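Peer 1: What follows is input-v1.txt, compact mmCIF, C-alpha atoms.
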# COMPACT_ATOMS: atom_id res chain seq x y z
CA MET A 1 -1.11 3.30 15.87
CA ASP A 2 -4.09 5.53 16.66
CA LYS A 3 -2.76 8.59 18.47
CA ILE A 4 -5.34 10.85 20.08
CA ILE A 5 -5.35 14.48 21.16
CA TRP A 6 -7.78 16.13 23.57
CA ILE A 7 -8.65 19.83 23.34
CA GLU A 8 -10.78 21.50 26.00
CA LYS A 9 -9.85 25.18 25.76
CA LYS A 10 -10.05 27.76 23.01
CA ILE A 11 -6.84 29.41 21.90
CA ASN A 12 -5.97 32.84 23.34
CA ASN A 13 -5.18 35.83 21.14
CA TYR A 14 -1.74 35.95 19.52
CA ASN A 15 0.43 38.18 17.34
CA LYS A 16 3.16 36.08 15.72
CA LYS A 17 5.13 35.07 12.65
CA ILE A 18 5.44 31.45 11.54
CA LEU A 19 6.97 29.36 8.78
CA VAL A 20 4.80 26.42 7.75
CA ASP A 21 6.14 23.23 6.20
CA SER A 22 7.33 23.18 2.60
CA ASP A 23 5.16 22.70 -0.48
CA LYS A 24 4.35 19.02 -0.94
CA SER A 25 3.43 19.25 -4.63
CA LEU A 26 6.75 20.91 -5.47
CA SER A 27 8.74 18.55 -3.23
CA ILE A 28 7.44 15.45 -5.00
CA ARG A 29 7.77 16.95 -8.47
CA TRP A 30 11.33 18.10 -7.74
CA ALA A 31 12.37 14.60 -6.69
CA LEU A 32 10.81 12.88 -9.70
CA LEU A 33 12.29 15.33 -12.21
CA ALA A 34 15.70 15.27 -10.48
CA SER A 35 15.72 11.49 -10.96
CA GLN A 36 15.37 12.02 -14.72
CA ALA A 37 17.98 14.77 -15.01
CA ILE A 38 21.63 14.23 -15.87
CA GLY A 39 23.76 15.21 -12.89
CA LEU A 40 23.34 16.26 -9.27
CA SER A 41 20.20 18.13 -8.19
CA LYS A 42 19.85 19.70 -4.77
CA ALA A 43 16.75 20.87 -2.89
CA ASN A 44 16.81 22.99 0.24
CA ASN A 45 13.83 22.84 2.63
CA LEU A 46 12.45 19.67 1.05
CA LEU A 47 9.28 18.65 2.89
CA LYS A 48 10.12 15.69 5.12
CA SER A 49 6.63 14.27 5.27
CA GLU A 50 5.69 10.62 4.81
CA ASP A 51 4.51 11.29 1.23
CA VAL A 52 7.85 12.81 0.24
CA LEU A 53 9.85 10.14 2.08
CA SER A 54 7.82 7.52 0.19
CA THR A 55 8.89 9.27 -3.02
CA LEU A 56 12.57 9.08 -2.07
CA ASN A 57 12.25 5.43 -1.01
CA CYS A 58 10.63 4.48 -4.34
CA LEU A 59 13.43 6.23 -6.25
CA LYS A 60 16.04 4.38 -4.20
CA LYS A 61 14.40 1.05 -5.08
CA LEU A 62 14.67 2.10 -8.72
CA GLY A 63 18.43 2.52 -8.35
CA VAL A 64 18.57 6.31 -7.94
CA LYS A 65 21.18 7.69 -5.56
CA VAL A 66 19.45 9.85 -2.93
CA VAL A 67 21.21 11.60 -0.03
CA LEU A 68 18.87 13.16 2.52
CA LYS A 69 20.50 15.63 4.93
CA LYS A 70 19.13 17.76 7.76
CA ASN A 71 18.23 20.79 5.63
CA SER A 72 18.67 19.52 2.09
CA CYS A 73 18.37 16.58 -0.26
CA GLU A 74 20.59 15.56 -3.17
CA ILE A 75 19.58 13.31 -6.05
CA LEU A 76 22.02 12.06 -8.68
CA GLY A 77 20.15 11.50 -11.91
CA ASN A 78 21.37 9.53 -14.92
CA GLY A 79 18.85 10.81 -17.44
CA LEU A 80 15.54 9.67 -18.87
CA ASN A 81 14.71 5.99 -18.54
CA SER A 82 17.74 5.42 -16.31
CA PHE A 83 15.92 3.48 -13.59
CA LYS A 84 17.41 0.09 -12.75
CA TYR A 85 14.49 -2.29 -13.17
CA LYS A 86 14.39 -5.62 -11.35
CA LYS A 87 12.01 -8.54 -11.53
CA ASN A 88 9.34 -8.71 -8.80
CA LEU A 89 9.89 -5.06 -7.85
CA VAL A 90 7.29 -3.58 -5.47
CA LEU A 91 6.96 0.18 -5.00
CA ASN A 92 4.98 1.31 -1.97
CA THR A 93 3.57 4.81 -2.50
CA GLY A 94 2.03 5.04 0.97
CA ASN A 95 -0.78 7.60 1.20
CA SER A 96 0.35 9.75 -1.72
CA GLY A 97 -1.92 9.98 -4.75
CA THR A 98 0.47 12.49 -6.30
CA LEU A 99 3.41 10.11 -6.02
CA ALA A 100 1.53 7.05 -7.26
CA ARG A 101 -0.05 8.76 -10.25
CA LEU A 102 3.10 10.60 -11.33
CA LEU A 103 5.61 7.82 -10.69
CA ILE A 104 3.66 5.38 -12.85
CA ALA A 105 4.26 7.72 -15.80
CA LEU A 106 8.03 7.30 -15.45
CA LEU A 107 7.76 3.50 -15.52
CA ILE A 108 6.31 3.13 -19.02
CA ARG A 109 9.54 1.67 -20.42
CA SER A 110 9.95 -0.98 -17.73
CA PRO A 111 10.66 -4.40 -19.28
CA TYR A 112 9.21 -6.14 -16.21
CA LYS A 113 5.96 -5.98 -14.33
CA ILE A 114 6.25 -3.56 -11.42
CA LYS A 115 3.78 -3.73 -8.56
CA ILE A 116 2.47 -0.39 -7.25
CA THR A 117 0.94 -0.48 -3.78
CA GLY A 118 -0.39 2.06 -1.29
CA ASP A 119 -2.03 2.28 2.10
CA LYS A 120 -5.69 1.47 2.81
CA SER A 121 -6.89 4.96 1.91
CA LEU A 122 -4.93 5.25 -1.35
CA SER A 123 -6.04 1.75 -2.36
CA LYS A 124 -9.63 2.97 -2.51
CA ARG A 125 -8.88 5.82 -4.90
CA ASP A 126 -9.46 5.91 -8.66
CA PHE A 127 -6.51 5.09 -10.93
CA LEU A 128 -8.47 4.69 -14.15
CA ARG A 129 -7.86 8.41 -14.71
CA VAL A 130 -4.15 7.69 -15.30
CA ILE A 131 -4.44 4.15 -16.63
CA GLU A 132 -6.43 5.32 -19.66
CA PRO A 133 -3.88 7.84 -21.02
CA LEU A 134 -0.87 5.64 -20.18
CA LYS A 135 -2.42 2.75 -22.10
CA LYS A 136 -2.68 5.07 -25.09
CA PHE A 137 1.09 5.65 -24.83
CA GLY A 138 1.57 1.87 -24.92
CA ALA A 139 1.88 0.86 -21.25
CA ASN A 140 0.25 -2.33 -19.97
CA PHE A 141 -1.65 -2.78 -16.70
CA TYR A 142 -2.62 -5.87 -14.74
CA PRO A 143 -4.98 -7.33 -13.63
CA LYS A 144 -7.12 -6.37 -16.60
CA ASN A 145 -9.94 -3.93 -15.79
CA LYS A 146 -8.65 -3.29 -12.24
CA THR A 147 -8.68 0.44 -11.44
CA THR A 148 -7.42 0.59 -7.84
CA LEU A 149 -4.15 -0.30 -6.12
CA PRO A 150 -2.40 -2.67 -5.97
CA LEU A 151 -1.68 -2.62 -9.69
CA PHE A 152 1.03 -3.98 -11.96
CA ILE A 153 2.50 -1.92 -14.80
CA ARG A 154 4.76 -3.15 -17.57
CA GLY A 155 6.21 -0.73 -20.07
CA ASN A 156 6.83 -0.80 -23.77
CA ASN A 157 9.84 0.11 -25.91
CA TYR A 158 7.56 1.25 -28.73
CA LEU A 159 5.79 4.19 -27.15
CA ARG A 160 3.79 6.71 -29.14
CA PRO A 161 2.75 10.31 -28.41
CA ILE A 162 -0.93 10.85 -27.72
CA LYS A 163 -3.69 13.43 -27.82
CA TYR A 164 -5.74 13.51 -24.63
CA HIS A 165 -8.60 15.58 -23.22
CA GLU A 166 -8.29 15.87 -19.41
CA LYS A 167 -11.77 16.79 -18.16
CA LYS A 168 -11.52 16.51 -14.36
CA GLY A 169 -9.27 19.47 -13.61
CA SER A 170 -6.75 17.04 -12.09
CA ALA A 171 -3.17 18.27 -11.99
CA GLN A 172 -2.10 14.71 -11.20
CA VAL A 173 -3.56 13.39 -14.46
CA LYS A 174 -2.13 16.28 -16.48
CA SER A 175 1.31 15.90 -14.90
CA CYS A 176 1.23 12.13 -15.41
CA ILE A 177 0.71 12.62 -19.14
CA MET A 178 3.40 15.32 -19.30
CA LEU A 179 5.94 13.03 -17.60
CA ALA A 180 5.07 10.09 -19.84
CA ALA A 181 5.49 12.37 -22.87
CA LEU A 182 9.21 12.71 -22.08
CA ASN A 183 9.69 9.07 -23.14
CA ALA A 184 7.34 9.06 -26.14
CA PRO A 185 9.00 10.17 -29.43
CA GLY A 186 7.20 13.11 -30.98
CA ILE A 187 4.72 15.63 -29.61
CA THR A 188 2.05 14.81 -27.03
CA LYS A 189 -0.96 17.13 -26.99
CA ILE A 190 -3.18 17.71 -23.96
CA ILE A 191 -6.41 19.67 -23.63
CA ALA A 192 -6.66 20.12 -19.86
CA LYS A 193 -9.21 21.70 -17.59
CA LYS A 194 -7.51 24.38 -15.50
CA SER A 195 -5.57 22.99 -12.51
CA ARG A 196 -2.34 23.66 -10.60
CA ASN A 197 0.51 24.30 -13.03
CA HIS A 198 3.72 23.47 -11.12
CA THR A 199 4.78 20.88 -13.69
CA GLU A 200 4.41 23.32 -16.58
CA ILE A 201 6.47 25.93 -14.71
CA LEU A 202 9.23 23.40 -13.96
CA TYR A 203 9.28 22.25 -17.60
CA LYS A 204 9.78 25.83 -18.76
CA TYR A 205 12.58 26.41 -16.25
CA LEU A 206 14.31 23.17 -17.29
CA ASN A 207 13.97 24.04 -20.99
CA ILE A 208 11.88 20.95 -21.67
CA PRO A 209 10.09 21.66 -24.98
CA ILE A 210 6.58 22.78 -24.02
CA LYS A 211 3.98 25.06 -25.56
CA ILE A 212 0.97 26.32 -23.61
CA LYS A 213 -2.04 28.22 -24.87
CA LYS A 214 -4.92 29.41 -22.71
CA LYS A 215 -8.48 29.08 -24.00
CA LYS A 216 -11.24 30.03 -21.56
CA ASN A 217 -11.01 27.49 -18.72
CA LEU A 218 -8.70 25.17 -20.66
CA SER A 219 -4.98 24.81 -21.22
CA LEU A 220 -3.76 23.55 -24.59
CA ILE A 221 -0.42 21.91 -23.87
CA GLU A 222 2.14 20.39 -26.23
CA VAL A 223 5.14 18.48 -24.86
CA LYS A 224 7.94 17.22 -27.06
CA SER A 225 10.10 14.30 -25.93
CA LYS A 226 13.52 15.30 -24.66
CA ILE A 227 16.73 13.31 -24.19
CA ASP A 228 18.63 15.50 -21.72
CA ILE A 229 17.23 17.32 -18.70
CA LYS A 230 19.49 19.62 -16.72
CA PRO A 231 19.88 19.27 -12.91
CA LEU A 232 17.35 21.14 -10.80
CA ASN A 233 18.55 23.08 -7.75
CA TYR A 234 15.55 24.37 -5.81
CA ASN A 235 14.62 26.14 -2.60
CA ILE A 236 11.18 24.75 -1.74
CA PRO A 237 8.77 27.46 -0.49
CA SER A 238 6.07 26.93 2.13
CA ASP A 239 2.80 25.23 1.23
CA ILE A 240 -0.31 27.39 0.77
CA SER A 241 -2.60 24.43 1.53
CA SER A 242 -0.95 23.99 4.92
CA SER A 243 -1.03 27.75 5.47
CA ALA A 244 -4.81 27.81 4.96
CA PHE A 245 -5.43 26.08 8.31
CA PHE A 246 -3.53 28.77 10.20
CA ILE A 247 -5.26 31.47 8.19
CA ALA A 248 -8.60 30.05 9.33
CA LEU A 249 -7.36 29.70 12.91
CA THR A 250 -6.56 33.42 12.91
CA LEU A 251 -9.79 34.47 11.20
CA LEU A 252 -11.90 32.56 13.73
CA SER A 253 -9.89 33.61 16.82
CA LYS A 254 -10.23 36.89 18.69
CA LYS A 255 -7.82 39.85 18.42
CA SER A 256 -5.10 37.89 16.65
CA ASN A 257 -2.58 38.69 13.93
CA LEU A 258 -0.42 36.28 11.97
CA ILE A 259 2.30 36.49 9.33
CA ILE A 260 3.13 33.31 7.42
CA LYS A 261 6.53 33.65 5.75
CA ASN A 262 7.73 32.56 2.31
CA VAL A 263 4.56 30.92 0.96
CA ASN A 264 4.05 29.75 -2.63
CA ILE A 265 1.07 31.83 -3.83
CA ASN A 266 0.85 30.35 -7.34
CA GLU A 267 -2.51 31.55 -8.69
CA THR A 268 -3.58 27.98 -9.52
CA ARG A 269 -3.26 27.19 -5.79
CA ALA A 270 -4.50 30.42 -4.16
CA GLY A 271 -8.24 30.07 -4.66
CA SER A 272 -8.85 29.72 -0.92
CA ILE A 273 -7.48 33.22 -0.34
CA ILE A 274 -9.83 34.71 -2.93
CA ILE A 275 -12.81 32.84 -1.48
CA LEU A 276 -12.07 33.82 2.13
CA ASN A 277 -11.54 37.47 1.17
CA LYS A 278 -14.92 37.44 -0.59
CA MET A 279 -16.36 36.21 2.74
CA GLY A 280 -15.04 39.24 4.58
CA ALA A 281 -11.48 38.25 5.48
CA LYS A 282 -8.66 40.71 4.95
CA ILE A 283 -5.80 38.47 3.86
CA LYS A 284 -2.91 40.26 2.18
CA PHE A 285 0.19 39.20 0.28
CA LYS A 286 3.29 41.23 1.09
CA ASN A 287 6.95 41.05 0.04
CA LYS A 288 5.94 39.47 -3.28
CA ARG A 289 8.68 38.03 -5.47
CA SER A 290 9.21 35.52 -8.25
CA TYR A 291 11.29 32.34 -7.90
CA LYS A 292 11.98 30.16 -10.95
CA GLY A 293 8.52 30.92 -12.30
CA GLU A 294 6.63 30.53 -9.01
CA LYS A 295 5.18 33.46 -7.05
CA ILE A 296 6.22 33.72 -3.40
CA ALA A 297 4.98 36.09 -0.68
CA ASP A 298 4.41 36.55 3.05
CA ILE A 299 0.75 36.15 4.02
CA HIS A 300 -0.68 38.66 6.52
CA VAL A 301 -3.99 37.81 8.21
CA LYS A 302 -5.90 39.08 11.23
CA SER A 303 -9.05 38.10 13.11
CA ALA A 304 -12.27 38.74 11.20
CA LYS A 305 -14.78 40.99 12.94
CA SER A 306 -17.57 39.59 10.79
CA LEU A 307 -17.81 37.01 8.04
CA LYS A 308 -20.47 36.71 5.35
CA HIS A 309 -21.87 33.88 3.30
CA ILE A 310 -20.79 33.10 -0.26
CA LYS A 311 -22.21 31.42 -3.32
CA CYS A 312 -18.81 30.20 -4.33
CA PRO A 313 -17.99 30.61 -8.03
CA THR A 314 -17.01 27.19 -9.37
CA LYS A 315 -14.11 28.75 -11.27
CA TYR A 316 -12.18 28.74 -7.97
CA ASN A 317 -12.76 25.04 -7.25
CA THR A 318 -9.57 23.61 -8.73
CA SER A 319 -7.37 26.26 -7.13
CA ALA A 320 -8.87 25.60 -3.68
CA ILE A 321 -9.64 21.88 -3.85
CA ASP A 322 -7.43 20.94 -0.87
CA GLU A 323 -8.71 23.80 1.30
CA PHE A 324 -12.48 23.36 1.08
CA LEU A 325 -12.76 21.59 4.43
CA ILE A 326 -11.37 24.61 6.25
CA ILE A 327 -13.43 26.96 4.06
CA PHE A 328 -16.54 25.02 5.13
CA LEU A 329 -15.59 25.63 8.76
CA VAL A 330 -15.30 29.38 8.13
CA ALA A 331 -18.68 29.30 6.35
CA ALA A 332 -20.19 27.62 9.43
CA LYS A 333 -19.39 30.73 11.49
CA SER A 334 -20.43 33.21 8.79
CA LYS A 335 -23.70 35.09 8.48
CA GLY A 336 -26.14 33.56 6.00
CA VAL A 337 -26.23 30.47 3.79
CA SER A 338 -23.13 29.54 1.81
CA TYR A 339 -23.28 27.31 -1.25
CA PHE A 340 -20.49 25.29 -2.85
CA SER A 341 -21.05 23.13 -5.95
CA ASN A 342 -19.29 20.92 -8.51
CA LEU A 343 -17.22 19.38 -5.74
CA SER A 344 -17.60 15.65 -6.41
CA GLU A 345 -13.79 15.51 -6.68
CA LEU A 346 -13.64 16.09 -2.90
CA ASN A 347 -14.98 12.57 -2.40
CA GLN A 348 -12.05 11.22 -4.44
CA LYS A 349 -9.47 12.42 -1.91
CA GLU A 350 -7.93 10.60 1.09
CA SER A 351 -11.47 10.36 2.47
CA GLN A 352 -14.91 11.38 1.25
CA ARG A 353 -14.26 14.93 2.34
CA LEU A 354 -17.54 16.42 1.18
CA LYS A 355 -19.55 13.92 3.22
CA LEU A 356 -17.26 13.95 6.25
CA GLY A 357 -17.01 17.75 6.28
CA SER A 358 -20.80 17.95 6.36
CA LYS A 359 -20.97 15.31 9.10
CA ILE A 360 -18.56 17.25 11.33
CA LEU A 361 -20.54 20.48 10.86
CA ASN A 362 -23.77 18.65 11.72
CA MET A 363 -22.09 17.28 14.84
CA ILE A 364 -21.47 20.80 16.14
CA GLY A 365 -25.00 21.96 15.35
CA VAL A 366 -24.55 23.47 11.89
CA LYS A 367 -27.30 22.68 9.40
CA THR A 368 -26.19 21.54 5.95
CA LYS A 369 -27.84 20.30 2.79
CA LEU A 370 -25.68 17.82 0.93
CA THR A 371 -25.70 16.24 -2.52
CA ASP A 372 -23.04 14.11 -4.15
CA HIS A 373 -21.38 17.25 -5.54
CA SER A 374 -22.61 20.23 -3.50
CA ILE A 375 -23.18 21.54 0.00
CA LYS A 376 -25.25 24.33 1.55
CA ILE A 377 -24.00 25.54 4.92
CA TYR A 378 -26.33 27.51 7.17
CA GLY A 379 -23.89 29.73 9.00
CA ASN A 380 -24.15 30.87 12.62
CA PRO A 381 -21.91 33.79 13.71
CA ASN A 382 -22.60 32.85 17.35
CA LEU A 383 -21.60 29.23 16.90
CA ASN A 384 -18.72 29.55 19.36
CA LEU A 385 -21.11 30.63 22.13
CA ASN A 386 -23.12 27.42 21.99
CA LEU A 387 -20.52 24.63 21.88
CA ASN A 388 -20.22 22.98 25.29
CA LYS A 389 -20.57 19.27 24.49
CA ASN A 390 -18.12 16.43 23.95
CA TYR A 391 -17.12 15.87 20.32
CA VAL A 392 -15.31 12.79 19.00
CA ILE A 393 -13.66 12.69 15.57
CA LYS A 394 -12.70 9.22 14.33
CA ASN A 395 -13.14 6.79 11.43
CA TYR A 396 -12.01 9.20 8.70
CA PHE A 397 -9.35 7.06 6.98
CA LYS A 398 -6.57 9.02 8.72
CA ASP A 399 -7.17 11.99 6.42
CA HIS A 400 -4.72 14.69 7.53
CA ARG A 401 -7.02 17.51 6.45
CA ILE A 402 -9.96 16.15 8.47
CA PHE A 403 -7.67 16.05 11.51
CA MET A 404 -6.46 19.62 10.97
CA MET A 405 -9.97 20.97 10.32
CA SER A 406 -11.18 19.36 13.56
CA THR A 407 -8.26 20.80 15.52
CA ILE A 408 -8.97 24.33 14.25
CA ALA A 409 -12.67 23.89 15.11
CA ALA A 410 -11.81 22.78 18.65
CA LEU A 411 -9.44 25.70 19.26
CA THR A 412 -11.80 28.39 17.96
CA LEU A 413 -15.33 27.19 18.71
CA GLY A 414 -15.09 25.56 22.14
CA GLY A 415 -16.38 22.28 23.59
CA LYS A 416 -14.40 19.22 24.59
CA TRP A 417 -12.85 17.41 21.65
CA LYS A 418 -11.31 13.97 21.30
CA ILE A 419 -9.61 13.76 17.91
CA HIS A 420 -8.19 10.44 16.73
CA ASN A 421 -5.29 9.73 14.37
CA SER A 422 -3.07 12.72 15.04
CA GLU A 423 -0.32 10.77 13.26
CA SER A 424 -2.13 11.49 9.98
CA ILE A 425 -0.41 14.89 9.72
CA LYS A 426 2.89 13.13 9.03
CA THR A 427 1.79 12.64 5.41
CA SER A 428 1.85 16.36 4.60
CA PHE A 429 2.43 18.69 7.58
CA PRO A 430 4.58 17.12 10.33
CA SER A 431 5.04 20.38 12.28
CA PHE A 432 1.31 21.22 12.46
CA LEU A 433 0.86 20.54 16.18
CA LYS A 434 4.20 22.12 17.03
CA LEU A 435 3.04 25.35 15.39
CA ILE A 436 -0.33 25.13 17.15
CA LYS A 437 1.54 24.96 20.44
CA TYR A 438 3.80 27.88 19.45
CA LEU A 439 0.72 30.05 18.86
CA GLY A 440 -0.63 29.15 22.29
CA GLY A 441 -3.02 26.32 21.48
CA LYS A 442 -3.29 23.79 24.29
CA TYR A 443 -3.88 20.08 23.74
CA ILE A 444 -3.19 16.83 25.55
CA GLN A 445 -1.58 14.05 23.56
Please re-express this file's structure in structure tokens.
Peer 2:
Amino acid sequence: MDKIIWIEKKINNYNKKILVDSDKSLSIRWALLASQAIGLSKANNLLKSEDVLSTLNCLKKLGVKVVLKKNSCEILGNGLNSFKYKKNLVLNTGNSGTLARLLIALLIRSPYKIKITGDKSLSKRDFLRVIEPLKKFGANFYPKNKTTLPLFIRGNNYLRPIKYHEKKGSAQVKSCIMLAALNAPGITKIIAKKSRNHTEILYKYLNIPIKIKKKKNLSLIEVKSKIDIKPLNYNIPSDISSSAFFIALTLLSKKSNLIIKNVNINETRAGSIIILNKMGAKIKFKNKRSYKGEKIADIHVKSAKSLKHIKCPTKYNTSAIDEFLIIFLVAAKSKGVSYFSNLSELNQKESQRLKLGSKILNMIGVKTKLTDHSIKIYGNPNLNLNLNKNYVIKNYFKDHRIFMMSTIAALTLGGKWKIHNSESIKTSFPSFLKLIKYLGGKYIQ
């Protein structure tokens, strides 16, 4: 169902503290690893988004006992390769690329063909990036040469470790190989372009045999197969990708201050903070601490008096890949011309975010120059003084980040906005609109 919100007024100033929804990457990884552990694992503050619920539903269909409570989730694992496989099994991964690409790796010993499906958006996304390495392990995929969902996978009892060069900077591909390596006797070696490292951190905490060496912009990773994995009890911190939208809301609003509590500030995820600070923001991490290898902090941000353009160093791309839409919006209200490059991966997300981000900026009068991997944004610090038209956002494959970017634009820049598919936020950030309302944002739904 297409749910619509209307926004006709800018948000007033605020001075508040909030807690955004939990980290989606960690929530999905916790559930998958808990299913392979021996014993009972418990997570507090597990994100209850559609992507995470899809994860739990897939595990249930594979015979894993899952108990979801109000503030926690328990998973009883029976060890590696303990899934209960059935003929004609279908696993629906919904909108989640992370779930689909990581879960497949745990199915490479299945004696039967398992059908992996997803929604319309996920079914357009590239799966060759995980099919190739999993075939090297010994897994089989059907139909032959098909690289999008729906797909069938059948495993193999005679798996072999592999050597693989991951060139895209995709944490999903790297994690897929690392999970598959648990079932392949011997040592799997990965040369990976730098990307988020939650899986590596969890492996270290769980004492899964792993060696990591850093070499320039690459990680040299070795994973040795392991028979027993200990249970994983985890308190899931808040998601920095979700936090970025409220950071931008505060930067672009007047006379406002915001504290976002208990956020995962893992350096492989915090590129957006570095980029925004280089553009003139004053975002600070306070109350820093370490939790099972992850870095946690409270984020303090206040309205920006002035923002400047940036030629964004590409070394921050992988650590800000999910936040570029909102960074583009900040660049639109900055002084000068901002340039972002090597971002073709943005068009491999839930929607073609590079193209759609540019289209939305053009709609509100911001000039852009677009290629298939880069964008120039001609910023206008007075943008909010000129917006008085009607703006309609639709036909974006229900991409939650397009919806949230548009909502922040409406609340900070003015005009009358009609934004379709508000239900899209259920995939990653169910409380988004509730928090907007708490901060004083007004919308009609």
Peer 1: Range 375-430 of chain A near range 11-35 of chain A within 8 Å: what's each residue's closest atom pair and its distance in Å to one decimal, counting all atoms listed in the file, ordered by chain then ascending residue number, as a Markdown table?
Peer 2:
| residue | atom | partner | partner_atom | distance |
| --- | --- | --- | --- | --- |
| A:Leu411 | CA | A:Ile11 | CA | 5.2 |
| A:Thr412 | CA | A:Ile11 | CA | 6.4 |
| A:Ser428 | CA | A:Lys24 | CA | 6.6 |
| A:Phe429 | CA | A:Asp21 | CA | 6.0 |
| A:Pro430 | CA | A:Asp21 | CA | 7.5 |
Peer 1: With all atoms listed in the file as the atoms that count, which of A:Leu107, A:Leu385, A:Leu206, A:Leu220 lies nearest to Tyr164 in chain A?
Peer 2: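 Answer, going by the shortest atom-to-atom distance: A:Leu220.
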Peer 1: Between A:Asn384, A:Ser422, A:Asn395, A:Asn266, which one has atoms that come closest to Thr407 in chain A, using only C-alpha atoms?
Peer 2: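 Comparing A:Asn384, A:Ser422, A:Asn395, A:Asn266 against Thr407 in chain A, the winner is A:Ser422.
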Peer 1: Could you make a table, as a Markdown table, of the residues of range 224-293 of chain A that have an atom within 9 Å of an atom of range 75-93 of chain A, each with its nearest atom pair and distance in Å to one decimal, counting only C-alpha atoms, in chain and number order?
Peer 2:
| residue | atom | partner | partner_atom | distance |
| --- | --- | --- | --- | --- |
| A:Lys226 | CA | A:Leu80 | CA | 8.3 |
| A:Ile227 | CA | A:Leu80 | CA | 6.6 |
| A:Asp228 | CA | A:Gly79 | CA | 6.4 |
| A:Ile229 | CA | A:Gly79 | CA | 6.8 |
| A:Lys230 | CA | A:Gly79 | CA | 8.9 |
| A:Pro231 | CA | A:Gly77 | CA | 7.8 |
Peer 1: Could you save the residues just selected, with C-alpha atoms, as a PDB file, keeping the file's coordinate frame?
Peer 2:
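The resulting file, selection-v6.pdb, is shown below:
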ATOM      1  CA  LYS A 226      13.520  15.300 -24.660  1.00  0.00           C
ATOM      2  CA  ILE A 227      16.730  13.310 -24.190  1.00  0.00           C
ATOM      3  CA  ASP A 228      18.630  15.500 -21.720  1.00  0.00           C
ATOM      4  CA  ILE A 229      17.230  17.320 -18.700  1.00  0.00           C
ATOM      5  CA  LYS A 230      19.490  19.620 -16.720  1.00  0.00           C
ATOM      6  CA  PRO A 231      19.880  19.270 -12.910  1.00  0.00           C
TER       7      PRO A 231
END
Peer 1: Between CA of Met405 in chain A and CA of Ser303 in chain A, what is the distance, to one decimal in Å?
Peer 2: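 Between CA of Met405 in chain A and CA of Ser303 in chain A the gap works out to 17.4 Å.
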Peer 1: Would you work out the distance separating CA of Arg353 in chain A from CA of Asp322 in chain A, expressed in Å to one decimal?
Peer 2: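 So the two atoms, CA of Arg353 in chain A and CA of Asp322 in chain A, lie 9.6 Å apart.
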Peer 1: From the list A:Lys295, A:Ala180, A:Val173, A:Gly186, which residue is nearest Pro161 in chain A when using all atoms listed in the file?
Peer 2: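 Smallest separation from Pro161 in chain A among the options: A:Gly186.
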Peer 1: Quick one, how far is CA of Leu252 in chain A from CA of Phe328 in chain A?
Peer 2: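 These two atoms are separated by 12.3 Å.
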Peer 1: Between A:Ile360, A:Ile260, A:Ala248, A:Cys312, which has the minimum distance to Ile274 in chain A (counting all atoms listed in the file)?
Peer 2: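 Going through A:Ile360, A:Ile260, A:Ala248, A:Cys312 one by one, the smallest distance to Ile274 in chain A is for A:Cys312.
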Peer 1: Which of these residues is nearest to Asn57 in chain A, using only C-alpha atoms: A:Ala192, A:Leu40, A:Leu99, A:Ala332?
Peer 2: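 Of all the options, A:Leu99 lies closest to Asn57 in chain A.
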Peer 1: Please identify all polymer residues within 12 Å of Asn71 in chain A, counting only C-alpha atoms, omitting same-chain residues fewer than 5 positions from it, and present them as a list of chain:residue names.
Peer 2: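 The filter keeps A:Ser22, A:Lys42, A:Ala43, A:Asn44, A:Asn45, A:Leu46, A:Leu47, A:Lys48, A:Asn235, A:Ile236.
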Peer 1: Name the closest residue to Tyr291 in chain A among the candidates A:Thr147, A:Asn262, A:Asn277, A:Gln348; distances are taken between atoms, counting all atoms listed in the file.
Peer 2: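 Once distances to Tyr291 in chain A are computed over all atoms listed in the file, the minimum belongs to A:Asn262.
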Peer 1: Compile the contact shell of Leu387 in chain A as a compact mmCIF listing (two decimals) with C-alpha atoms, in the frame of the given file: residues with an atom at most 9 Å away, counting only C-alpha atoms, same-chain residues fewer than 2 positions apart removed.
Peer 2:
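The resulting file, around_33.txt, is reproduced below:
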# COMPACT_ATOMS: atom_id res chain seq x y z
CA ILE A 364 -21.47 20.80 16.14
CA GLY A 365 -25.00 21.96 15.35
CA LEU A 383 -21.60 29.23 16.90
CA ASN A 384 -18.72 29.55 19.36
CA LEU A 385 -21.11 30.63 22.13
CA LYS A 389 -20.57 19.27 24.49
CA ASN A 390 -18.12 16.43 23.95
CA LEU A 413 -15.33 27.19 18.71
CA GLY A 414 -15.09 25.56 22.14
CA GLY A 415 -16.38 22.28 23.59
CA LYS A 416 -14.40 19.22 24.59
Peer 1: Write out as a ChimeraX atom specification each polymer residue whose atoms come within 12 Å of Lys174 in chain A, counting all atoms listed in the file; drop sequence neighbours fewer than 5 positions from it.
Peer 2: /A:98,101-102,105,129-130,133-134,163-169,179-181,188-200,218-223
Peer 1: Find the residues around Lys311 in chain A up to 8 Å (only C-alpha atoms counted), leave out those fewer than 6 positions away in its own chain, and share them as an MDAnalysis selection string.
Peer 2: chainID A and resid 338:340
